[in-house]
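Structure file final-v2.pdb; described as PDB, C-alpha atoms.
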```
ATOM      1  CA  MET S   1     -30.250  -4.229  11.510
ATOM      2  CA  PRO S   2     -27.458  -2.840  13.764
ATOM      3  CA  VAL S   3     -26.195   0.647  12.915
ATOM      4  CA  GLU S   4     -22.762   0.656  11.287
ATOM      5  CA  HIS S   5     -20.056   2.324  13.353
ATOM      6  CA  ILE S   6     -18.420   5.176  11.439
ATOM      7  CA  SER S   7     -14.699   5.671  12.049
ATOM      8  CA  HIS S   8     -13.811   9.021  13.601
ATOM      9  CA  GLY S   9     -10.962  10.812  15.323
ATOM     10  CA  VAL S  10     -10.219  11.024  19.034
ATOM     11  CA  GLU S  11     -11.389  14.627  19.222
ATOM     12  CA  GLN S  12     -15.094  13.744  19.143
ATOM     13  CA  LEU S  13     -16.828  10.634  20.464
ATOM     14  CA  CYS S  14     -19.737   9.245  18.455
ATOM     15  CA  ASP S  15     -23.183   9.200  20.080
ATOM     16  CA  SER S  16     -23.097   5.477  20.821
ATOM     17  CA  GLY S  17     -19.569   5.743  22.195
ATOM     18  CA  SER S  18     -20.535   8.616  24.514
ATOM     19  CA  ALA S  19     -23.575   6.761  25.837
ATOM     20  CA  ILE S  20     -21.666   3.530  26.470
ATOM     21  CA  TYR S  21     -18.733   5.335  28.103
ATOM     22  CA  VAL S  22     -21.058   7.295  30.441
ATOM     23  CA  ARG S  23     -22.819   4.072  31.405
ATOM     24  CA  ALA S  24     -19.502   2.340  32.092
ATOM     25  CA  LEU S  25     -18.391   5.245  34.302
ATOM     26  CA  HIS S  26     -21.667   5.153  36.270
ATOM     27  CA  GLU S  27     -21.689   1.386  36.727
ATOM     28  CA  GLY S  28     -17.934   0.901  37.088
ATOM     29  CA  ARG S  29     -17.716  -1.575  34.201
ATOM     30  CA  ILE S  30     -19.689  -2.881  31.213
ATOM     31  CA  ARG S  31     -20.032  -6.207  29.441
ATOM     32  CA  SER S  32     -17.956  -6.644  26.291
ATOM     33  CA  GLU S  33     -20.932  -7.372  24.036
ATOM     34  CA  GLN S  34     -22.652  -4.177  25.211
ATOM     35  CA  ALA S  35     -19.716  -2.163  23.889
ATOM     36  CA  GLU S  36     -19.630  -3.775  20.419
ATOM     37  CA  ALA S  37     -21.536  -0.831  18.938
ATOM     38  CA  ALA S  38     -18.644   1.505  19.804
ATOM     39  CA  PRO S  39     -15.263  -0.139  19.062
ATOM     40  CA  CYS S  40     -13.768   3.365  19.205
ATOM     41  CA  LEU S  41     -13.826   3.201  23.014
ATOM     42  CA  ILE S  42     -11.289   0.364  22.989
ATOM     43  CA  ASP S  43      -9.297   1.918  20.136
ATOM     44  CA  PHE S  44      -8.954   5.166  22.105
ATOM     45  CA  GLY S  45      -8.168   3.343  25.337
ATOM     46  CA  LEU S  46     -11.302   4.529  27.151
ATOM     47  CA  LEU S  47     -12.289   0.934  27.910
ATOM     48  CA  HIS S  48      -9.986  -1.983  28.624
ATOM     49  CA  PRO S  49     -10.575  -5.660  29.471
ATOM     50  CA  ASP S  50     -10.933  -6.637  33.106
ATOM     51  CA  ILE S  51      -7.854  -8.715  33.959
ATOM     52  CA  ASP S  52      -9.970 -11.031  36.134
ATOM     53  CA  ASP S  53     -12.868 -11.503  33.707
ATOM     54  CA  VAL S  54     -12.517 -10.815  29.968
ATOM     55  CA  GLU S  55     -16.291 -10.704  29.609
ATOM     56  CA  TRP S  56     -16.189  -7.255  31.236
ATOM     57  CA  LEU S  57     -14.595  -3.947  30.247
ATOM     58  CA  ASN S  58     -13.418  -1.339  32.737
ATOM     59  CA  PRO S  59     -13.483   2.416  31.950
ATOM     60  CA  ILE S  60     -10.514   4.749  32.226
ATOM     61  CA  THR S  61     -11.436   7.897  34.147
ATOM     62  CA  PRO S  62     -11.773  11.055  32.029
ATOM     63  CA  ALA S  63      -9.087  12.752  34.133
ATOM     64  CA  ALA S  64      -6.621  10.010  33.191
ATOM     65  CA  ALA S  65      -7.767   9.664  29.563
ATOM     66  CA  LEU S  66      -7.672  13.342  28.548
ATOM     67  CA  PRO S  67      -3.890  13.959  28.910
ATOM     68  CA  ARG S  68      -3.118  10.771  26.993
ATOM     69  CA  LEU S  69      -5.513  11.641  24.166
ATOM     70  CA  LEU S  70      -4.092  15.151  23.967
ATOM     71  CA  ARG S  71      -0.633  13.671  23.578
ATOM     72  CA  THR S  72      -1.993  11.502  20.767
ATOM     73  CA  ILE S  73      -3.271  14.569  18.895
ATOM     74  CA  GLU S  74      -0.007  16.443  19.513
ATOM     75  CA  GLY S  75       1.888  13.481  18.119
ATOM     76  CA  HIS S  76      -0.395  13.431  15.062
ATOM     77  CA  VAL S  77       0.210  17.141  14.384
ATOM     78  CA  THR S  78       3.964  16.692  14.766
ATOM     79  CA  GLU S  79       3.926  13.720  12.391
ATOM     80  CA  GLN S  80       1.921  15.620   9.762
ATOM     81  CA  ARG S  81       4.323  18.543   9.921
ATOM     82  CA  ARG S  82       7.232  16.151   9.492
ATOM     83  CA  ARG S  83       5.557  14.589   6.452
ATOM     84  CA  GLU S  84       4.870  18.011   4.951
ATOM     85  CA  ASP S  85       8.545  18.931   5.382
ATOM     86  CA  LEU S  86       9.635  15.683   3.728
ATOM     87  CA  LEU S  87       7.189  16.141   0.858
ATOM     88  CA  THR S  88       8.319  19.728   0.323
ATOM     89  CA  ALA S  89      11.978  18.711   0.374
ATOM     90  CA  ALA S  90      11.315  15.945  -2.152
ATOM     91  CA  PHE S  91       9.477  18.209  -4.619
ATOM     92  CA  GLN S  92      11.618  21.346  -4.451
ATOM     93  CA  PRO S  93      14.399  19.927  -6.708
ATOM     94  CA  LEU S  94      11.763  18.668  -9.161
ATOM     95  CA  MET S  95      10.039  22.057  -9.339
ATOM     96  CA  ALA S  96      13.320  23.603 -10.457
ATOM     97  CA  LEU S  97      13.317  21.249 -13.457
ATOM     98  CA  ASP S  98       9.750  22.111 -14.516
ATOM     99  CA  PRO S  99       9.877  24.063 -17.818
ATOM    100  CA  ARG S 100       6.722  25.953 -16.821
ATOM    101  CA  GLY S 101       8.643  27.595 -13.990
ATOM    102  CA  SER S 102       6.757  29.386 -11.240
ATOM    103  CA  ALA S 103       3.436  28.988 -13.038
ATOM    104  CA  ALA S 104       3.365  25.382 -11.898
ATOM    105  CA  SER S 105       2.941  26.452  -8.266
ATOM    106  CA  ASP S 106      -0.491  27.894  -9.092
ATOM    107  CA  ASP S 107      -1.807  24.409  -9.894
ATOM    108  CA  PRO S 108       0.251  21.845  -7.927
ATOM    109  CA  ALA S 109       0.067  18.218  -9.006
ATOM    110  CA  ILE S 110      -0.286  17.026  -5.392
ATOM    111  CA  THR S 111      -1.701  19.033  -2.494
ATOM    112  CA  VAL S 112      -1.750  17.700   1.062
ATOM    113  CA  LEU S 113      -5.017  18.630   2.812
ATOM    114  CA  ASP S 114      -4.763  18.435   6.594
ATOM    115  CA  GLY S 115      -7.993  18.575   8.592
ATOM    116  CA  LEU S 116     -11.618  17.853   7.773
ATOM    117  CA  GLU S 117     -12.501  21.520   7.246
ATOM    118  CA  ARG S 118      -9.775  22.029   4.672
ATOM    119  CA  ILE S 119     -10.670  18.759   2.923
ATOM    120  CA  SER S 120     -14.381  19.641   2.789
ATOM    121  CA  ALA S 121     -13.642  23.130   1.463
ATOM    122  CA  ALA S 122     -11.447  21.761  -1.337
ATOM    123  CA  ILE S 123     -14.052  19.168  -2.327
ATOM    124  CA  ASP S 124     -16.842  21.770  -2.275
ATOM    125  CA  GLN S 125     -14.769  24.020  -4.553
ATOM    126  CA  ALA S 126     -14.071  21.176  -6.969
ATOM    127  CA  MET S 127     -17.776  20.307  -6.975
ATOM    128  CA  SER S 128     -18.670  23.921  -7.788
ATOM    129  CA  ASP S 129     -16.161  23.989 -10.655
ATOM    130  CA  THR S 130     -17.401  20.710 -12.190
ATOM    131  CA  THR S 131     -19.060  21.089 -15.583
ATOM    132  CA  GLU S 132     -19.478  17.494 -16.806
ATOM    133  CA  GLU S 133     -19.019  14.582 -14.419
ATOM    134  CA  PHE S 134     -18.564  13.559 -10.789
ATOM    135  CA  LEU S 135     -17.353  10.014 -10.033
ATOM    136  CA  ALA S 136     -17.296   8.683  -6.462
ATOM    137  CA  VAL S 137     -16.378   5.516  -4.599
ATOM    138  CA  GLN S 138     -18.000   5.267  -1.169
ATOM    139  CA  PRO S 139     -16.876   2.182   0.808
ATOM    140  CA  GLY S 140     -18.813   0.925   3.805
ATOM    141  CA  GLY S 141     -22.330  -0.366   4.270
ATOM    142  CA  THR S 142     -24.180   2.881   4.875
ATOM    143  CA  ARG S 143     -23.800   6.627   5.326
ATOM    144  CA  PRO S 144     -25.207   8.653   8.236
ATOM    145  CA  PRO S 145     -28.491  10.453   7.398
ATOM    146  CA  GLU S 146     -27.048  13.756   8.638
ATOM    147  CA  THR S 147     -24.116  13.441   6.205
ATOM    148  CA  LEU S 148     -26.462  12.703   3.300
ATOM    149  CA  ALA S 149     -28.605  15.699   4.263
ATOM    150  CA  GLU S 150     -25.529  17.954   4.249
ATOM    151  CA  VAL S 151     -24.372  16.900   0.757
ATOM    152  CA  PHE S 152     -27.814  16.727  -0.861
ATOM    153  CA  THR S 153     -28.004  20.418  -1.803
ATOM    154  CA  ARG S 154     -24.475  20.361  -3.214
ATOM    155  CA  ASP S 155     -25.100  17.180  -5.231
ATOM    156  CA  GLN S 156     -28.460  18.373  -6.556
ATOM    157  CA  ALA S 157     -26.906  21.660  -7.653
ATOM    158  CA  LEU S 158     -24.344  19.705  -9.700
ATOM    159  CA  LEU S 159     -27.064  17.628 -11.347
ATOM    160  CA  SER S 160     -29.167  20.714 -12.024
ATOM    161  CA  ARG S 161     -26.246  22.177 -14.014
ATOM    162  CA  GLY S 162     -26.507  19.203 -16.374
ATOM    163  CA  CYS S 163     -23.619  17.208 -14.921
ATOM    164  CA  ARG S 164     -23.798  13.479 -14.395
ATOM    165  CA  MET S 165     -22.999  11.672 -11.147
ATOM    166  CA  ARG S 166     -21.854   8.054 -10.814
ATOM    167  CA  THR S 167     -21.300   6.422  -7.409
ATOM    168  CA  LEU S 168     -19.890   3.011  -6.506
ATOM    169  CA  TYR S 169     -20.945   1.436  -3.212
ATOM    170  CA  GLN S 170     -20.627  -2.000  -1.655
ATOM    171  CA  HIS S 171     -23.500  -4.486  -1.897
ATOM    172  CA  THR S 172     -24.445  -3.939   1.761
ATOM    173  CA  THR S 173     -25.456  -0.364   0.918
ATOM    174  CA  ARG S 174     -28.473  -1.759  -0.937
ATOM    175  CA  HIS S 175     -30.084  -2.303   2.467
ATOM    176  CA  SER S 176     -29.384   1.248   3.698
ATOM    177  CA  LEU S 177     -32.687   3.143   3.795
ATOM    178  CA  PRO S 178     -31.002   6.581   4.180
ATOM    179  CA  VAL S 179     -28.924   6.014   1.027
ATOM    180  CA  LEU S 180     -31.931   4.781  -0.955
ATOM    181  CA  ALA S 181     -34.000   7.772   0.179
ATOM    182  CA  TYR S 182     -31.163  10.116  -0.778
ATOM    183  CA  PHE S 183     -31.077   8.807  -4.369
ATOM    184  CA  GLU S 184     -34.860   8.920  -4.650
ATOM    185  CA  ARG S 185     -34.741  12.662  -3.915
ATOM    186  CA  LEU S 186     -32.010  13.457  -6.450
ATOM    187  CA  ASP S 187     -33.217  14.665  -9.854
ATOM    188  CA  GLY S 188     -30.903  14.374 -12.852
ATOM    189  CA  ASP S 189     -28.395  12.096 -14.547
ATOM    190  CA  VAL S 190     -27.483  10.073 -11.453
ATOM    191  CA  GLU S 191     -26.685   6.377 -11.148
ATOM    192  CA  ALA S 192     -25.268   4.105  -8.457
ATOM    193  CA  ARG S 193     -23.843   0.601  -8.663
ATOM    194  CA  THR S 194     -22.464  -1.858  -6.119
ATOM    195  CA  LEU S 195     -19.734  -4.477  -5.696
ATOM    196  CA  ASP S 196     -18.702  -6.796  -2.885
ATOM    197  CA  GLU S 197     -15.462  -4.837  -2.497
ATOM    198  CA  VAL S 198     -14.432  -1.406  -3.683
ATOM    199  CA  THR S 199     -11.361   0.793  -3.304
ATOM    200  CA  GLU S 200     -10.888   3.334  -0.536
ATOM    201  CA  ARG S 201     -12.920   6.528  -0.859
ATOM    202  CA  LEU S 202     -12.294   8.276  -4.175
ATOM    203  CA  PHE S 203     -13.739  11.446  -5.741
ATOM    204  CA  ILE S 204     -13.004  12.441  -9.356
ATOM    205  CA  PHE S 205     -14.251  15.701 -10.896
ATOM    206  CA  ASP S 206     -14.340  16.126 -14.692
ATOM    207  CA  ARG S 207     -11.424  13.654 -14.848
ATOM    208  CA  ASN S 208      -9.177  16.616 -14.003
ATOM    209  CA  VAL S 209      -8.890  16.511 -10.222
ATOM    210  CA  ALA S 210      -9.196  13.631  -7.740
ATOM    211  CA  PHE S 211      -9.261  13.297  -3.969
ATOM    212  CA  ILE S 212      -8.094  10.262  -1.975
ATOM    213  CA  PRO S 213      -7.623   9.720   1.792
ATOM    214  CA  ALA S 214      -4.049   9.788   3.065
ATOM    215  CA  ASN S 215      -4.613   8.100   6.439
ATOM    216  CA  LYS S 216      -7.066   5.701   8.050
ATOM    217  CA  ASP S 217      -9.255   8.214   9.887
ATOM    218  CA  ARG S 218      -9.495  10.383   6.728
ATOM    219  CA  SER S 219      -8.300  13.501   8.544
ATOM    220  CA  LEU S 220      -5.600  13.815   5.881
ATOM    221  CA  ALA S 221      -6.265  13.768   2.124
ATOM    222  CA  LEU S 222      -4.456  14.288  -1.162
ATOM    223  CA  GLU S 223      -5.777  16.552  -3.904
ATOM    224  CA  LEU S 224      -4.389  15.171  -7.172
ATOM    225  CA  ARG S 225      -4.152  17.163 -10.396
ATOM    226  CA  HIS S 226      -1.425  15.303 -12.267
ATOM    227  CA  PRO S 227      -3.098  14.195 -15.552
ATOM    228  CA  ALA S 228      -1.499  10.736 -15.558
ATOM    229  CA  VAL S 229      -2.500  10.018 -11.960
ATOM    230  CA  VAL S 230      -6.070  11.265 -12.386
ATOM    231  CA  ASP S 231      -6.454   9.313 -15.631
ATOM    232  CA  TYR S 232      -5.202   6.168 -13.881
ATOM    233  CA  LEU S 233      -7.776   6.578 -11.095
ATOM    234  CA  ALA S 234     -10.572   7.313 -13.579
ATOM    235  CA  THR S 235      -9.685   4.193 -15.583
ATOM    236  CA  THR S 236      -9.772   2.135 -12.387
ATOM    237  CA  PHE S 237     -13.224   3.553 -11.627
ATOM    238  CA  ASP S 238     -14.461   2.750 -15.152
ATOM    239  CA  ARG S 239     -13.347  -0.871 -14.873
ATOM    240  CA  LEU S 240     -14.981  -1.335 -11.483
ATOM    241  CA  TRP S 241     -18.135   0.357 -12.801
ATOM    242  CA  ARG S 242     -18.449  -2.152 -15.648
ATOM    243  CA  LEU S 243     -18.175  -5.040 -13.151
ATOM    244  CA  ALA S 244     -20.703  -3.570 -10.706
ATOM    245  CA  ASP S 245     -24.429  -4.274 -10.389
ATOM    246  CA  PRO S 246     -26.915  -1.426 -10.873
ATOM    247  CA  MET S 247     -28.448  -0.202  -7.630
ATOM    248  CA  TRP S 248     -31.951  -0.303  -9.131
ATOM    249  CA  PRO S 249     -34.272  -2.092  -8.946
ATOM    250  CA  LYS S 250     -33.811  -1.771  -5.222
ATOM    251  CA  SER S 251     -34.680  -5.393  -4.600
ATOM    252  CA  PHE S 252     -31.387  -7.215  -4.982
ATOM    253  CA  PRO S 253     -31.873 -10.983  -4.809
ATOM    254  CA  GLN S 254     -28.896 -12.945  -3.591
ATOM    255  CA  PRO S 255     -28.602 -15.805  -6.115
ATOM    256  CA  SER S 256     -27.482 -18.984  -4.425
ATOM    257  CA  GLU S 257     -25.990 -22.300  -5.367
ATOM    258  CA  ASN S 258     -26.291 -25.132  -2.880
ATOM    259  CA  GLY S 259     -27.710 -22.622  -0.402
ATOM    260  CA  ILE S 260     -24.633 -20.332  -0.602
ATOM    261  CA  THR S 261     -25.212 -16.735  -1.703
ATOM    262  CA  ALA S 262     -22.786 -14.589  -3.684
ATOM    263  CA  ARG S 263     -22.130 -12.585  -0.506
ATOM    264  CA  GLN S 264     -21.218 -15.737   1.417
ATOM    265  CA  ARG S 265     -18.987 -16.884  -1.435
ATOM    266  CA  ALA S 266     -17.107 -13.594  -1.219
ATOM    267  CA  ILE S 267     -16.699 -14.143   2.524
ATOM    268  CA  ALA S 268     -15.475 -17.674   1.883
ATOM    269  CA  GLY S 269     -12.757 -16.347  -0.399
ATOM    270  CA  LEU S 270     -11.527 -13.985   2.302
ATOM    271  CA  LEU S 271     -11.643 -16.746   4.912
ATOM    272  CA  VAL S 272      -9.453 -18.936   2.742
ATOM    273  CA  GLU S 273      -6.994 -16.043   2.481
ATOM    274  CA  GLY S 274      -6.803 -16.009   6.285
ATOM    275  CA  HIS S 275      -8.609 -12.771   7.094
ATOM    276  CA  THR S 276     -10.181 -12.238  10.532
ATOM    277  CA  ASP S 277     -13.883 -11.570  11.103
ATOM    278  CA  SER S 278     -13.195  -7.857  11.591
ATOM    279  CA  GLU S 279     -11.123  -7.625   8.420
ATOM    280  CA  ILE S 280     -13.798  -9.424   6.397
ATOM    281  CA  ALA S 281     -16.510  -7.119   7.738
ATOM    282  CA  ALA S 282     -14.453  -4.040   6.861
ATOM    283  CA  ARG S 283     -13.599  -5.319   3.366
ATOM    284  CA  LEU S 284     -17.246  -6.085   2.542
ATOM    285  CA  GLY S 285     -18.823  -3.074   4.271
ATOM    286  CA  MET S 286     -20.820  -4.915   6.932
ATOM    287  CA  ASN S 287     -20.706  -5.103  10.704
ATOM    288  CA  VAL S 288     -18.839  -7.911  12.431
ATOM    289  CA  ARG S 289     -22.011  -9.520  13.765
ATOM    290  CA  THR S 290     -23.480  -9.890  10.256
ATOM    291  CA  ALA S 291     -20.199 -11.288   8.953
ATOM    292  CA  ARG S 292     -20.187 -13.904  11.730
ATOM    293  CA  VAL S 293     -23.721 -14.980  10.845
ATOM    294  CA  HIS S 294     -22.588 -15.679   7.278
ATOM    295  CA  ILE S 295     -19.440 -17.420   8.527
ATOM    296  CA  ALA S 296     -21.546 -19.693  10.742
ATOM    297  CA  LYS S 297     -23.683 -20.563   7.706
ATOM    298  CA  LEU S 298     -20.559 -21.436   5.711
ATOM    299  CA  ALA S 299     -19.199 -23.557   8.563
ATOM    300  CA  ALA S 300     -22.451 -25.514   8.741
ATOM    301  CA  THR S 301     -22.484 -26.024   4.972
ATOM    302  CA  VAL S 302     -18.989 -27.525   4.796
ATOM    303  CA  GLY S 303     -19.283 -29.346   8.142
ATOM    304  CA  SER S 304     -16.548 -27.413   9.927
ATOM    305  CA  HIS S 305     -16.624 -27.420  13.715
ATOM    306  CA  SER S 306     -13.704 -25.058  14.294
ATOM    307  CA  ARG S 307     -12.328 -21.881  12.818
ATOM    308  CA  ALA S 308      -8.955 -23.549  12.379
ATOM    309  CA  GLN S 309     -10.295 -26.014   9.799
ATOM    310  CA  LEU S 310     -12.928 -23.740   8.203
ATOM    311  CA  GLY S 311     -10.607 -22.133   5.660
ATOM    312  CA  PHE S 312      -9.188 -25.510   4.640
ATOM    313  CA  ARG S 313     -12.616 -27.092   4.207
ATOM    314  CA  LEU S 314     -13.886 -24.138   2.196
ATOM    315  CA  GLY S 315     -10.881 -24.432  -0.086
ATOM    316  CA  GLN S 316     -11.535 -28.140  -0.590
ATOM    317  CA  SER S 317     -15.313 -27.782  -1.009
ATOM    318  CA  GLY S 318     -15.217 -26.376  -4.543
ATOM    319  CA  LEU S 319     -17.449 -23.420  -3.584
ATOM    320  CA  LEU S 320     -14.860 -20.950  -4.796
ATOM    321  CA  ASP S 321     -14.521 -22.737  -8.129
ATOM    322  CA  GLN S 322     -18.160 -22.130  -9.054
ATOM    323  CA  GLU S 323     -18.858 -19.280 -11.453
ATOM    324  CA  HIS S 324     -21.002 -16.535  -9.984
TER     325      HIS S 324
END
```
Kindly return the structure encoded in the file as structure tokens.
Amino acid sequence: MPVEHISHGVEQLCDSGSAIYVRALHEGRIRSEQAEAAPCLIDFGLLHPDIDDVEWLNPITPAAALPRLLRTIEGHVTEQRRREDLLTAAFQPLMALDPRGSAASDDPAITVLDGLERISAAIDQAMSDTTEEFLAVQPGGTRPPETLAEVFTRDQALLSRGCRMRTLYQHTTRHSLPVLAYFERLDGDVEARTLDEVTERLFIFDRNVAFIPANKDRSLALELRHPAVVDYLATTFDRLWRLADPMWPKSFPQPSENGITARQRAIAGLLVEGHTDSEIAARLGMNVRTARVHIAKLAATVGSHSRAQLGFRLGQSGLLDQEH
């Protein structure tokens, strides 16, 4: 099974991206399908389509790429500072109305966390302070083994204190050996469940503090301590948890009707809504290649010979009307 590509910032290329970029520089170009494992190279502008042959990608030289990427980071920093100023300006009049006065500043309802180090430190502190429960939503099909190794000690310490841990994943995570091995090692009141789709990443500690991402690359996060907001997020988690399937037993049969699995039916629903292959893969936590295999199966089932008519035929087929 192909390794899922994990989104990351421009400041550090992933291993697959580095290898593909070096190869493209050595050879002068690289075939498009050979770069599918590292879409970040196109996102960051390090590879671009050959104007004479779209089957090939040409690399941008490091000397040309570096100044442009630096400008991107500078623009990001400037934008975050602007947002902090706007957020501060918006909350200053409200703070004056707070009957608790200056004491409220010691425990702000919303804290903007800028940078992975600051986000990790805040989450680690919240984990250390937890006395009852840790709830988590982890979208995507898998998690890197090195990330799981880093959080194992922290998570086991929480369980050893008698706390419980509940994690929601997407169904594709059931096939992730690193995630399964991680849960086998944990000892305590721990449970994981899965759904086709989940929310963005969400951490809730003792139903008192929550963390959510504030941008797509997760380099910016919000620490939430407002009781109404945290309760709303916890209630959302509880409702998704009741709808989810337990992660164990690890064998997860895909029940099918007329040869169509529940996973393919979920894909069909997104196709009817007009989503692209990439959007469907991201929503369901799988890579684009796997999504296209399922889409091809759906097309064959309903007799569609083009993408243009696939959504219409799926809508008319009655597949989405079947209970599952």
Report as a VMD selection string all protein, DNA and RNA residues lying within 8 Å of region 217-227 of chain S, evaluated on all atoms listed in the file, omitting residues in the same chain fewer than 5 positions from it.
chain S and resid 7 to 9 107 to 116 119 208 to 212
What is the distance between CA of Asp245 (chain S) and CA of Ala300 (chain S), in Å to one decimal?
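Interatomic distance, CA of Asp245 (chain S) to CA of Ala300 (chain S): 28.7 Å.
This file gives the following result for the PyMOL selection byres ((chain S and resi 152) around 12): Pro145, Glu146, Thr147, Leu148, Ala149, Glu150, Val151, Thr153, Arg154, Asp155, Gln156, Ala157, Leu158, Leu159, Ser160, Pro178, Val179, Ala181, Tyr182, Phe183, Glu184, Arg185, Leu186 and Asp187 of chain S.
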Grab the residues selected above and save them as an mmCIF file, in the coordinates of the input with C-alpha atoms.
```
data_model
loop_
_atom_site.group_PDB
_atom_site.id
_atom_site.type_symbol
_atom_site.label_atom_id
_atom_site.label_comp_id
_atom_site.auth_asym_id
_atom_site.auth_seq_id
_atom_site.Cartn_x
_atom_site.Cartn_y
_atom_site.Cartn_z
ATOM 1 C CA PRO S 145 -28.491 10.453 7.398
ATOM 2 C CA GLU S 146 -27.048 13.756 8.638
ATOM 3 C CA THR S 147 -24.116 13.441 6.205
ATOM 4 C CA LEU S 148 -26.462 12.703 3.300
ATOM 5 C CA ALA S 149 -28.605 15.699 4.263
ATOM 6 C CA GLU S 150 -25.529 17.954 4.249
ATOM 7 C CA VAL S 151 -24.372 16.900 0.757
ATOM 8 C CA THR S 153 -28.004 20.418 -1.803
ATOM 9 C CA ARG S 154 -24.475 20.361 -3.214
ATOM 10 C CA ASP S 155 -25.100 17.180 -5.231
ATOM 11 C CA GLN S 156 -28.460 18.373 -6.556
ATOM 12 C CA ALA S 157 -26.906 21.660 -7.653
ATOM 13 C CA LEU S 158 -24.344 19.705 -9.700
ATOM 14 C CA LEU S 159 -27.064 17.628 -11.347
ATOM 15 C CA SER S 160 -29.167 20.714 -12.024
ATOM 16 C CA PRO S 178 -31.002 6.581 4.180
ATOM 17 C CA VAL S 179 -28.924 6.014 1.027
ATOM 18 C CA ALA S 181 -34.000 7.772 0.179
ATOM 19 C CA TYR S 182 -31.163 10.116 -0.778
ATOM 20 C CA PHE S 183 -31.077 8.807 -4.369
ATOM 21 C CA GLU S 184 -34.860 8.920 -4.650
ATOM 22 C CA ARG S 185 -34.741 12.662 -3.915
ATOM 23 C CA LEU S 186 -32.010 13.457 -6.450
ATOM 24 C CA ASP S 187 -33.217 14.665 -9.854
#
```
Kindly give the distance, in Å, that separates CA of Arg207 (chain S) and CA of Val230 (chain S), rounded to a single decimal.
6.4 Å
Write out as a list of chain:residue names each polymer residue whose atoms come within 12 Å of Cys40 (chain S), counting only C-alpha atoms; drop sequence neighbours fewer than 5 positions from it.
S:His5, S:Ile6, S:Ser7, S:His8, S:Gly9, S:Val10, S:Glu11, S:Gln12, S:Leu13, S:Cys14, S:Asp15, S:Ser16, S:Gly17, S:Ser18, S:Ile20, S:Tyr21, S:Ala35, S:Gly45, S:Leu46, S:Leu47, S:His48, S:Asp217
Interatomic distance (Å, one decimal) between CA of Ser32 (chain S) and CA of Trp56 (chain S):
5.3 Å
Would you kindly translate the PyMOL selection byres ((chain S and resi 266-278) around 12) into the concrete residues it picks from this file, as number ranges by chain?
S: 36, 39, 171, 195-197, 260-265, 279-299, 301-302, 307-324
Could you expand the PyMOL selection byres ((chain S and resi 28) around 12) into the explicit residues it covers here, written as a PyMOL selection string?
chain S and resi 20-27+29-31+47-48+50+56-61
